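What follows is the content of start39.cif (mmCIF, C-alpha atoms).
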```cif
data_input
loop_
_atom_site.label_atom_id
_atom_site.label_comp_id
_atom_site.auth_asym_id
_atom_site.auth_seq_id
_atom_site.Cartn_x
_atom_site.Cartn_y
_atom_site.Cartn_z
CA MET I 1 80.39 98.61 40.36
CA GLN I 2 78.57 100.70 42.96
CA SER I 3 78.87 104.49 42.75
CA GLY I 4 80.02 104.64 46.38
CA GLU I 5 82.79 102.19 45.64
CA VAL I 6 83.98 104.25 42.64
CA ARG I 7 83.80 107.35 44.80
CA GLN I 8 86.22 105.76 47.31
CA ILE I 9 88.62 104.72 44.54
CA ILE I 10 88.59 108.21 43.05
CA ASP I 11 89.07 109.81 46.49
CA GLU I 12 92.11 107.59 46.92
CA ALA I 13 93.46 108.47 43.43
CA ASN I 14 92.99 112.16 44.23
CA ARG I 15 95.02 111.74 47.43
CA SER I 16 97.73 109.98 45.38
CA PHE I 17 97.66 112.94 43.00
CA GLY I 18 98.34 115.37 45.84
CA ALA I 19 101.04 113.11 47.31
CA ALA I 20 102.84 112.83 43.94
CA VAL I 21 102.84 116.63 43.55
CA ALA I 22 104.13 117.08 47.11
CA ARG I 23 107.10 114.80 46.49
CA LYS I 24 107.64 116.10 42.92
CA ASP I 25 107.19 112.60 41.49
CA TYR I 26 105.85 113.47 38.04
CA ALA I 27 106.17 109.93 36.71
CA ALA I 28 103.86 108.73 39.50
CA LEU I 29 101.55 111.67 38.78
CA ALA I 30 101.43 110.82 35.07
CA ALA I 31 100.74 107.14 35.89
CA LEU I 32 97.39 108.25 37.36
CA TYR I 33 96.37 109.24 33.80
CA THR I 34 95.42 106.89 30.95
CA GLU I 35 98.05 106.40 28.20
CA ASP I 36 95.92 108.45 25.80
CA ALA I 37 94.71 111.05 28.31
CA ARG I 38 94.29 114.69 27.39
CA LEU I 39 94.90 117.70 29.58
CA LEU I 40 93.43 121.15 28.83
CA PRO I 41 95.38 123.66 30.93
CA PRO I 42 94.35 127.34 30.91
CA ASP I 43 96.24 129.57 28.45
CA ALA I 44 98.02 126.58 26.90
CA PRO I 45 97.36 124.18 24.03
CA ILE I 46 95.87 120.71 24.58
CA VAL I 47 98.39 118.23 26.04
CA SER I 48 97.96 114.70 24.62
CA GLY I 49 99.32 111.46 26.05
CA ARG I 50 100.82 110.40 29.37
CA LYS I 51 104.40 111.31 28.46
CA ALA I 52 103.48 114.85 27.42
CA ILE I 53 101.34 115.18 30.57
CA GLU I 54 104.33 114.23 32.74
CA GLY I 55 106.40 116.91 31.00
CA PHE I 56 103.62 119.46 31.39
CA TRP I 57 103.28 118.92 35.14
CA ARG I 58 107.04 118.98 35.69
CA SER I 59 107.41 122.33 33.85
CA ALA I 60 104.25 123.88 35.23
CA ALA I 61 104.97 122.90 38.85
CA ASP I 62 108.48 124.25 38.49
CA ALA I 63 107.38 127.50 36.80
CA LEU I 64 104.64 128.18 39.39
CA GLY I 65 106.44 126.83 42.42
CA LEU I 66 103.58 124.39 42.98
CA THR I 67 104.25 122.45 46.19
CA ASN I 68 100.83 121.13 47.17
CA VAL I 69 97.47 120.32 45.59
CA THR I 70 94.38 119.23 47.49
CA LEU I 71 91.52 117.92 45.35
CA LYS I 72 87.96 117.82 46.65
CA THR I 73 85.15 116.13 44.73
CA VAL I 74 82.00 118.27 44.48
CA ASP I 75 80.00 115.96 42.22
CA LEU I 76 80.60 112.51 40.77
CA GLU I 77 78.54 110.61 38.21
CA VAL I 78 79.45 107.04 37.29
CA ASN I 79 78.35 105.46 33.98
CA GLY I 80 79.77 101.96 33.58
CA ASP I 81 83.48 102.27 32.94
CA THR I 82 83.52 106.06 32.83
CA ALA I 83 82.78 108.69 35.43
CA ASN I 84 82.73 112.45 35.39
CA GLU I 85 83.88 114.39 38.42
CA ILE I 86 83.52 118.07 39.22
CA GLY I 87 85.88 119.21 41.94
CA GLU I 88 87.74 122.04 43.56
CA ALA I 89 91.51 122.26 43.88
CA ASP I 90 93.46 124.15 46.52
CA LEU I 91 96.96 124.95 45.31
CA LYS I 92 100.01 126.15 47.21
CA LEU I 93 102.25 128.21 44.94
CA THR I 94 105.32 130.36 45.50
CA SER I 95 103.02 133.36 44.96
CA GLY I 96 100.55 132.14 47.61
CA GLN I 97 97.31 130.15 47.58
CA ALA I 98 95.13 129.63 44.52
CA LYS I 99 91.75 128.00 44.01
CA ALA I 100 90.65 126.23 40.85
CA LYS I 101 87.70 124.11 39.79
CA TYR I 102 87.91 121.19 37.43
CA LEU I 103 86.09 118.59 35.36
CA VAL I 104 87.72 115.18 35.04
CA VAL I 105 86.48 112.26 32.97
CA TRP I 106 87.72 109.05 34.59
CA ARG I 107 88.03 105.76 32.75
CA ARG I 108 88.25 102.26 34.19
CA GLU I 109 90.85 100.42 32.16
CA ARG I 110 91.36 96.75 31.37
CA ASP I 111 93.58 96.30 34.42
CA GLY I 112 90.62 97.43 36.56
CA GLN I 113 92.27 100.74 37.51
CA TRP I 114 90.39 104.01 37.30
CA ARG I 115 92.54 106.73 35.70
CA LEU I 116 92.13 110.37 34.71
CA HIS I 117 91.30 110.43 31.01
CA ARG I 118 90.24 114.03 30.37
CA ASP I 119 91.29 116.83 32.72
CA ILE I 120 90.47 120.54 32.44
CA TRP I 121 90.38 123.34 34.98
CA ASN I 122 90.08 127.09 35.38
CA ASN I 123 90.27 129.63 38.17
CA MET I 124 87.71 130.28 40.83
CA PRO I 125 86.87 134.01 41.19
CA SER I 126 89.56 135.79 43.18
CA THR I 127 88.33 136.77 46.62
CA MET B 1 73.90 104.03 18.87
CA GLN B 2 76.84 104.35 16.48
CA SER B 3 79.56 106.86 17.36
CA GLY B 4 79.26 108.46 13.90
CA GLU B 5 75.55 108.98 14.45
CA VAL B 6 76.16 110.64 17.84
CA ARG B 7 78.84 112.79 16.22
CA GLN B 8 76.31 114.10 13.70
CA ILE B 9 73.77 114.85 16.43
CA ILE B 10 76.37 116.71 18.48
CA ASP B 11 77.58 118.65 15.42
CA GLU B 12 73.99 119.71 14.88
CA ALA B 13 73.54 120.68 18.56
CA ASN B 14 76.76 122.72 18.36
CA ARG B 15 75.41 124.57 15.33
CA SER B 16 72.18 125.24 17.25
CA PHE B 17 74.33 126.59 20.09
CA GLY B 18 76.00 129.09 17.76
CA ALA B 19 72.68 130.04 16.16
CA ALA B 20 71.06 130.69 19.58
CA VAL B 21 73.97 132.95 20.61
CA ALA B 22 73.81 134.83 17.29
CA ARG B 23 70.10 135.62 17.76
CA LYS B 24 70.48 136.22 21.53
CA ASP B 25 67.94 133.51 22.31
CA TYR B 26 69.19 132.41 25.72
CA ALA B 27 66.13 130.27 26.46
CA ALA B 28 66.89 128.22 23.32
CA LEU B 29 70.55 128.11 24.32
CA ALA B 30 69.67 126.86 27.82
CA ALA B 31 67.32 124.23 26.33
CA LEU B 32 70.41 122.56 24.81
CA TYR B 33 71.52 121.76 28.39
CA THR B 34 70.08 119.11 30.72
CA GLU B 35 67.81 120.36 33.52
CA ASP B 36 70.55 119.56 36.08
CA ALA B 37 73.52 120.64 33.94
CA ARG B 38 76.52 122.38 35.45
CA LEU B 39 78.64 125.07 33.86
CA LEU B 40 82.17 125.90 35.07
CA PRO B 41 83.07 129.30 33.58
CA PRO B 42 86.57 130.73 34.15
CA ASP B 43 86.89 133.14 37.10
CA ALA B 44 83.34 132.43 38.25
CA PRO B 45 81.64 129.97 40.61
CA ILE B 46 79.96 126.79 39.35
CA VAL B 47 76.57 127.49 37.71
CA SER B 48 73.99 124.75 38.47
CA GLY B 49 70.75 124.07 36.61
CA ARG B 50 69.27 125.14 33.30
CA LYS B 51 67.64 128.32 34.64
CA ALA B 52 70.90 129.59 36.19
CA ILE B 53 72.74 128.68 32.97
CA GLU B 54 70.29 130.77 30.94
CA GLY B 55 70.94 133.71 33.27
CA PHE B 56 74.69 133.21 33.10
CA TRP B 57 74.77 133.24 29.29
CA ARG B 58 72.51 136.28 29.07
CA SER B 59 74.72 138.30 31.47
CA ALA B 60 78.04 137.04 30.12
CA ALA B 61 77.12 137.60 26.45
CA ASP B 62 75.92 141.09 27.34
CA ALA B 63 79.00 141.94 29.44
CA LEU B 64 81.45 140.68 26.79
CA GLY B 65 79.53 141.78 23.73
CA LEU B 66 79.46 138.16 22.54
CA THR B 67 77.80 138.06 19.11
CA ASN B 68 79.02 134.76 17.63
CA VAL B 69 80.36 131.40 18.79
CA THR B 70 81.61 128.67 16.48
CA LEU B 71 82.22 125.29 18.12
CA LYS B 72 84.48 122.69 16.54
CA THR B 73 84.80 119.14 17.91
CA VAL B 74 88.40 117.98 18.27
CA ASP B 75 87.69 114.63 19.91
CA LEU B 76 84.51 112.75 20.80
CA GLU B 77 84.13 109.56 22.83
CA VAL B 78 80.74 107.93 23.20
CA ASN B 79 79.93 105.53 26.06
CA GLY B 80 76.31 104.45 25.98
CA ASP B 81 74.15 107.40 26.98
CA THR B 82 77.05 109.72 27.74
CA ALA B 83 79.77 111.19 25.57
CA ASN B 84 82.71 113.45 26.25
CA GLU B 85 83.72 116.03 23.70
CA ILE B 86 86.87 118.13 23.51
CA GLY B 87 86.50 121.11 21.24
CA GLU B 88 87.65 124.57 20.27
CA ALA B 89 85.48 127.67 20.32
CA ASP B 90 85.92 130.78 18.21
CA LEU B 91 84.26 133.78 19.81
CA LYS B 92 83.42 137.19 18.41
CA LEU B 93 83.42 139.78 21.16
CA THR B 94 83.21 143.58 21.24
CA SER B 95 86.93 143.55 22.07
CA GLY B 96 87.77 141.34 19.07
CA GLN B 97 88.24 137.62 18.49
CA ALA B 98 88.96 135.08 21.23
CA LYS B 99 89.77 131.38 21.16
CA ALA B 100 88.85 128.91 23.89
CA LYS B 101 88.97 125.14 24.33
CA TYR B 102 86.37 123.12 26.19
CA LEU B 103 85.35 119.78 27.61
CA VAL B 104 81.65 118.90 27.47
CA VAL B 105 80.01 115.80 28.90
CA TRP B 106 76.87 115.10 26.87
CA ARG B 107 73.96 113.00 28.15
CA ARG B 108 71.25 111.31 26.16
CA GLU B 109 68.03 111.84 28.06
CA ARG B 110 64.79 109.86 28.25
CA ASP B 111 63.30 111.82 25.36
CA GLY B 112 66.21 110.60 23.20
CA GLN B 113 67.82 114.06 22.97
CA TRP B 114 71.53 114.55 23.59
CA ARG B 115 72.14 117.60 25.79
CA LEU B 116 75.13 119.33 27.34
CA HIS B 117 75.40 118.08 30.92
CA ARG B 118 78.80 119.35 32.08
CA ASP B 119 80.49 122.28 30.33
CA ILE B 120 83.86 123.86 31.17
CA TRP B 121 86.28 125.93 29.14
CA ASN B 122 89.40 128.05 29.37
CA ASN B 123 91.50 130.24 27.08
CA MET B 124 93.83 129.11 24.36
CA PRO B 125 97.25 130.78 24.58
CA SER B 126 97.14 134.29 23.16
CA THR B 127 98.92 134.52 19.81
#
```
Serialized structure, structure tokens:
Amino acid sequence: MQSGEVRQIIDEANRSFGAAVARKDYAALAALYTEDARLLPPDAPIVSGRKAIEGFWRSAADALGLTNVTLKTVDLEVNGDTANEIGEADLKLTSGQAKAKYLVVWRRERDGQWRLHRDIWNNMPST
Amino acid sequence: MQSGEVRQIIDEANRSFGAAVARKDYAALAALYTEDARLLPPDAPIVSGRKAIEGFWRSAADALGLTNVTLKTVDLEVNGDTANEIGEADLKLTSGQAKAKYLVVWRRERDGQWRLHRDIWNNMPST
């Protein structure tokens, strides 16, 4: 698979991510992750598995008043059926805007779909 | 290459990481990273390239009074010449102990060495 092709698929998945957050569809959001994905949110323990990830996003979005996420890929490297992506996230929260950066390891699964497999982020410096 | 073999190599590299921090040898620390590695430290912009990474670690260790880091692998997946590692870091700082978790993408380079290629971390919940 060409890198450019994977890039397009991941761009599309990132738009689906934002759309799922906007309509508070956490099952659809969790379906973008692999079954055995792991999430490493700041100031929280590691979240393991799609079901736990769905619960995490539901609680976190609710607690923060997260209404929108826009993901922008800064760097993408594809190696066979895995890819690592560095990106920036713009978040709309009740408290205002926030900016984060992230590293996601993507995995292409047997069904041919690319899904988030490892996902960690932290804050950009406050401006 | 067997996963177990890569695990041993990465364990060893993680011990070298801790040893370099303990003796404040930031050139040796930076040499554990690929030439085009990227570091995503919390509350800071992305740091690109080995030279910038050396500078980051020197300043950050100095600012925080970082004297020791112990890295412990929680999960390691190997895919050809790349691997992704989730781990926990115990830090000794002037202000006391701190605990972080991290995601590192490792790359095996042409010289056969495995090096940190993408490195991001954030805090564990305070206890």
Within 6 Å of chain B: residues of chain I, using only C-alpha atoms, as a PDB file with C-alpha atoms, in the frame of the given file:
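What landed in part_18.pdb:
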```
ATOM      1  CA  PRO I  42      94.350 127.340  30.910  1.00  0.00           C
ATOM      2  CA  ASP I  43      96.240 129.570  28.450  1.00  0.00           C
ATOM      3  CA  ALA I  44      98.020 126.580  26.900  1.00  0.00           C
ATOM      4  CA  ASN I 122      90.080 127.090  35.380  1.00  0.00           C
ATOM      5  CA  ASN I 123      90.270 129.630  38.170  1.00  0.00           C
ATOM      6  CA  MET I 124      87.710 130.280  40.830  1.00  0.00           C
ATOM      7  CA  PRO I 125      86.870 134.010  41.190  1.00  0.00           C
TER       8      PRO I 125
END
```
All in-order C-alpha pairs, least squares, chain I moved onto chain B. Output the fitted coordinates as a compact mmCIF listing (two decimals) with C-alpha atoms, in the frame of the given file, please.
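Output contents, as saved in superposed_10.txt:
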```txt
# COMPACT_ATOMS: atom_id res chain seq x y z
CA MET I 1 73.87 104.04 18.82
CA GLN I 2 76.84 104.35 16.47
CA SER I 3 79.57 106.85 17.35
CA GLY I 4 79.26 108.46 13.91
CA GLU I 5 75.56 108.98 14.44
CA VAL I 6 76.16 110.64 17.84
CA ARG I 7 78.85 112.76 16.23
CA GLN I 8 76.31 114.10 13.69
CA ILE I 9 73.77 114.85 16.43
CA ILE I 10 76.37 116.70 18.49
CA ASP I 11 77.58 118.63 15.42
CA GLU I 12 73.99 119.70 14.87
CA ALA I 13 73.54 120.69 18.56
CA ASN I 14 76.76 122.71 18.37
CA ARG I 15 75.42 124.57 15.32
CA SER I 16 72.19 125.25 17.26
CA PHE I 17 74.33 126.59 20.09
CA GLY I 18 76.01 129.09 17.77
CA ALA I 19 72.69 130.05 16.17
CA ALA I 20 71.06 130.69 19.58
CA VAL I 21 73.97 132.95 20.61
CA ALA I 22 73.80 134.83 17.29
CA ARG I 23 70.12 135.63 17.76
CA LYS I 24 70.50 136.23 21.53
CA ASP I 25 67.95 133.50 22.30
CA TYR I 26 69.19 132.41 25.73
CA ALA I 27 66.14 130.27 26.46
CA ALA I 28 66.89 128.22 23.32
CA LEU I 29 70.56 128.11 24.34
CA ALA I 30 69.67 126.86 27.83
CA ALA I 31 67.32 124.22 26.34
CA LEU I 32 70.41 122.56 24.81
CA TYR I 33 71.52 121.77 28.39
CA THR I 34 70.07 119.11 30.71
CA GLU I 35 67.81 120.38 33.54
CA ASP I 36 70.54 119.57 36.07
CA ALA I 37 73.52 120.65 33.95
CA ARG I 38 76.52 122.39 35.44
CA LEU I 39 78.65 125.07 33.85
CA LEU I 40 82.18 125.91 35.06
CA PRO I 41 83.07 129.31 33.58
CA PRO I 42 86.56 130.75 34.14
CA ASP I 43 86.90 133.15 37.09
CA ALA I 44 83.34 132.44 38.25
CA PRO I 45 81.67 129.98 40.61
CA ILE I 46 79.96 126.80 39.36
CA VAL I 47 76.58 127.49 37.71
CA SER I 48 74.00 124.76 38.46
CA GLY I 49 70.75 124.08 36.62
CA ARG I 50 69.26 125.16 33.30
CA LYS I 51 67.65 128.33 34.65
CA ALA I 52 70.88 129.60 36.19
CA ILE I 53 72.73 128.68 32.98
CA GLU I 54 70.30 130.79 30.94
CA GLY I 55 70.93 133.73 33.27
CA PHE I 56 74.68 133.20 33.09
CA TRP I 57 74.78 133.25 29.29
CA ARG I 58 72.51 136.29 29.07
CA SER I 59 74.72 138.30 31.48
CA ALA I 60 78.02 137.04 30.13
CA ALA I 61 77.10 137.62 26.47
CA ASP I 62 75.92 141.09 27.34
CA ALA I 63 78.98 141.94 29.46
CA LEU I 64 81.44 140.67 26.81
CA GLY I 65 79.51 141.76 23.75
CA LEU I 66 79.47 138.15 22.55
CA THR I 67 77.81 138.04 19.12
CA ASN I 68 79.01 134.75 17.65
CA VAL I 69 80.37 131.39 18.79
CA THR I 70 81.62 128.66 16.48
CA LEU I 71 82.23 125.28 18.13
CA LYS I 72 84.49 122.69 16.54
CA THR I 73 84.79 119.15 17.91
CA VAL I 74 88.41 117.98 18.26
CA ASP I 75 87.69 114.63 19.92
CA LEU I 76 84.52 112.75 20.80
CA GLU I 77 84.14 109.56 22.82
CA VAL I 78 80.73 107.93 23.19
CA ASN I 79 79.93 105.55 26.08
CA GLY I 80 76.29 104.44 26.00
CA ASP I 81 74.15 107.39 26.98
CA THR I 82 77.05 109.72 27.74
CA ALA I 83 79.76 111.19 25.58
CA ASN I 84 82.70 113.44 26.25
CA GLU I 85 83.73 116.03 23.70
CA ILE I 86 86.87 118.13 23.51
CA GLY I 87 86.49 121.12 21.23
CA GLU I 88 87.64 124.56 20.28
CA ALA I 89 85.47 127.67 20.31
CA ASP I 90 85.93 130.78 18.20
CA LEU I 91 84.25 133.77 19.81
CA LYS I 92 83.42 137.19 18.40
CA LEU I 93 83.42 139.79 21.17
CA THR I 94 83.20 143.57 21.23
CA SER I 95 86.92 143.53 22.09
CA GLY I 96 87.75 141.33 19.07
CA GLN I 97 88.24 137.60 18.50
CA ALA I 98 88.96 135.07 21.23
CA LYS I 99 89.78 131.38 21.18
CA ALA I 100 88.84 128.91 23.89
CA LYS I 101 88.96 125.15 24.33
CA TYR I 102 86.38 123.13 26.16
CA LEU I 103 85.34 119.78 27.60
CA VAL I 104 81.65 118.91 27.47
CA VAL I 105 80.00 115.81 28.90
CA TRP I 106 76.87 115.09 26.87
CA ARG I 107 73.98 113.01 28.14
CA ARG I 108 71.25 111.29 26.15
CA GLU I 109 68.03 111.84 28.04
CA ARG I 110 64.80 109.86 28.23
CA ASP I 111 63.31 111.82 25.35
CA GLY I 112 66.22 110.58 23.19
CA GLN I 113 67.82 114.04 22.96
CA TRP I 114 71.52 114.55 23.57
CA ARG I 115 72.14 117.60 25.78
CA LEU I 116 75.13 119.33 27.34
CA HIS I 117 75.40 118.09 30.91
CA ARG I 118 78.80 119.36 32.07
CA ASP I 119 80.50 122.28 30.32
CA ILE I 120 83.86 123.86 31.16
CA TRP I 121 86.29 125.93 29.14
CA ASN I 122 89.42 128.06 29.36
CA ASN I 123 91.49 130.23 27.07
CA MET I 124 93.82 129.10 24.36
CA PRO I 125 97.26 130.78 24.57
CA SER I 126 97.11 134.29 23.14
CA THR I 127 98.92 134.52 19.83
```
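Residues in contact with Ala52 in chain B at up to 12 Å, not including ones fewer than 5 positions away on its chain and judged by only C-alpha atoms, are Tyr26, Ala27, Leu29, Ala30, Ala31, Tyr33, Thr34, Glu35, Asp36, Ala37, Arg38, Leu39, Leu40, Pro45, Ile46, Val47, Trp57, Arg58, Ser59 and Ala60 of chain B.
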Sphere at (79.9, 110.6, 16.0), radius 12 Å, counting all atoms listed in the file: residues as a PDB file with C-alpha atoms, in the frame of the given file:
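Once everything was written out, this is part21.pdb:
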```
ATOM      1  CA  MET B   1      73.900 104.030  18.870  1.00  0.00           C
ATOM      2  CA  GLN B   2      76.840 104.350  16.480  1.00  0.00           C
ATOM      3  CA  SER B   3      79.560 106.860  17.360  1.00  0.00           C
ATOM      4  CA  GLY B   4      79.260 108.460  13.900  1.00  0.00           C
ATOM      5  CA  GLU B   5      75.550 108.980  14.450  1.00  0.00           C
ATOM      6  CA  VAL B   6      76.160 110.640  17.840  1.00  0.00           C
ATOM      7  CA  ARG B   7      78.840 112.790  16.220  1.00  0.00           C
ATOM      8  CA  GLN B   8      76.310 114.100  13.700  1.00  0.00           C
ATOM      9  CA  ILE B   9      73.770 114.850  16.430  1.00  0.00           C
ATOM     10  CA  ILE B  10      76.370 116.710  18.480  1.00  0.00           C
ATOM     11  CA  ASP B  11      77.580 118.650  15.420  1.00  0.00           C
ATOM     12  CA  GLU B  12      73.990 119.710  14.880  1.00  0.00           C
ATOM     13  CA  THR B  73      84.800 119.140  17.910  1.00  0.00           C
ATOM     14  CA  VAL B  74      88.400 117.980  18.270  1.00  0.00           C
ATOM     15  CA  ASP B  75      87.690 114.630  19.910  1.00  0.00           C
ATOM     16  CA  LEU B  76      84.510 112.750  20.800  1.00  0.00           C
ATOM     17  CA  GLU B  77      84.130 109.560  22.830  1.00  0.00           C
ATOM     18  CA  VAL B  78      80.740 107.930  23.200  1.00  0.00           C
ATOM     19  CA  ASN B  79      79.930 105.530  26.060  1.00  0.00           C
ATOM     20  CA  ALA B  83      79.770 111.190  25.570  1.00  0.00           C
ATOM     21  CA  ASN B  84      82.710 113.450  26.250  1.00  0.00           C
ATOM     22  CA  GLU B  85      83.720 116.030  23.700  1.00  0.00           C
ATOM     23  CA  TRP B 114      71.530 114.550  23.590  1.00  0.00           C
TER      24      TRP B 114
END
```
Apply the PyMOL selection byres ((chain I and resi 24) around 10) to the file shown and report the selected residues as a count of residues only.
18
Which is closer to Phe17 in chain I than all the others in I:Leu32, I:His117, I:Ala98, I:Asp111, using all atoms listed in the file?
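Nearest to Phe17 in chain I: I:Leu32.
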Atomic separation - CA of Ala13 in chain I relative to CA of Glu88 in chain B, Å
28.8 Å
Could you check how far CA of Ile53 in chain B sits from CA of Lys92 in chain B, in Å to one decimal?
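Interatomic distance here is 20.0 Å.
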Quick check, in Å to one decimal: how far apart do CA of Leu64 in chain I and CA of Ala89 in chain I lie?
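Here the two named atoms are 15.1 Å from each other.
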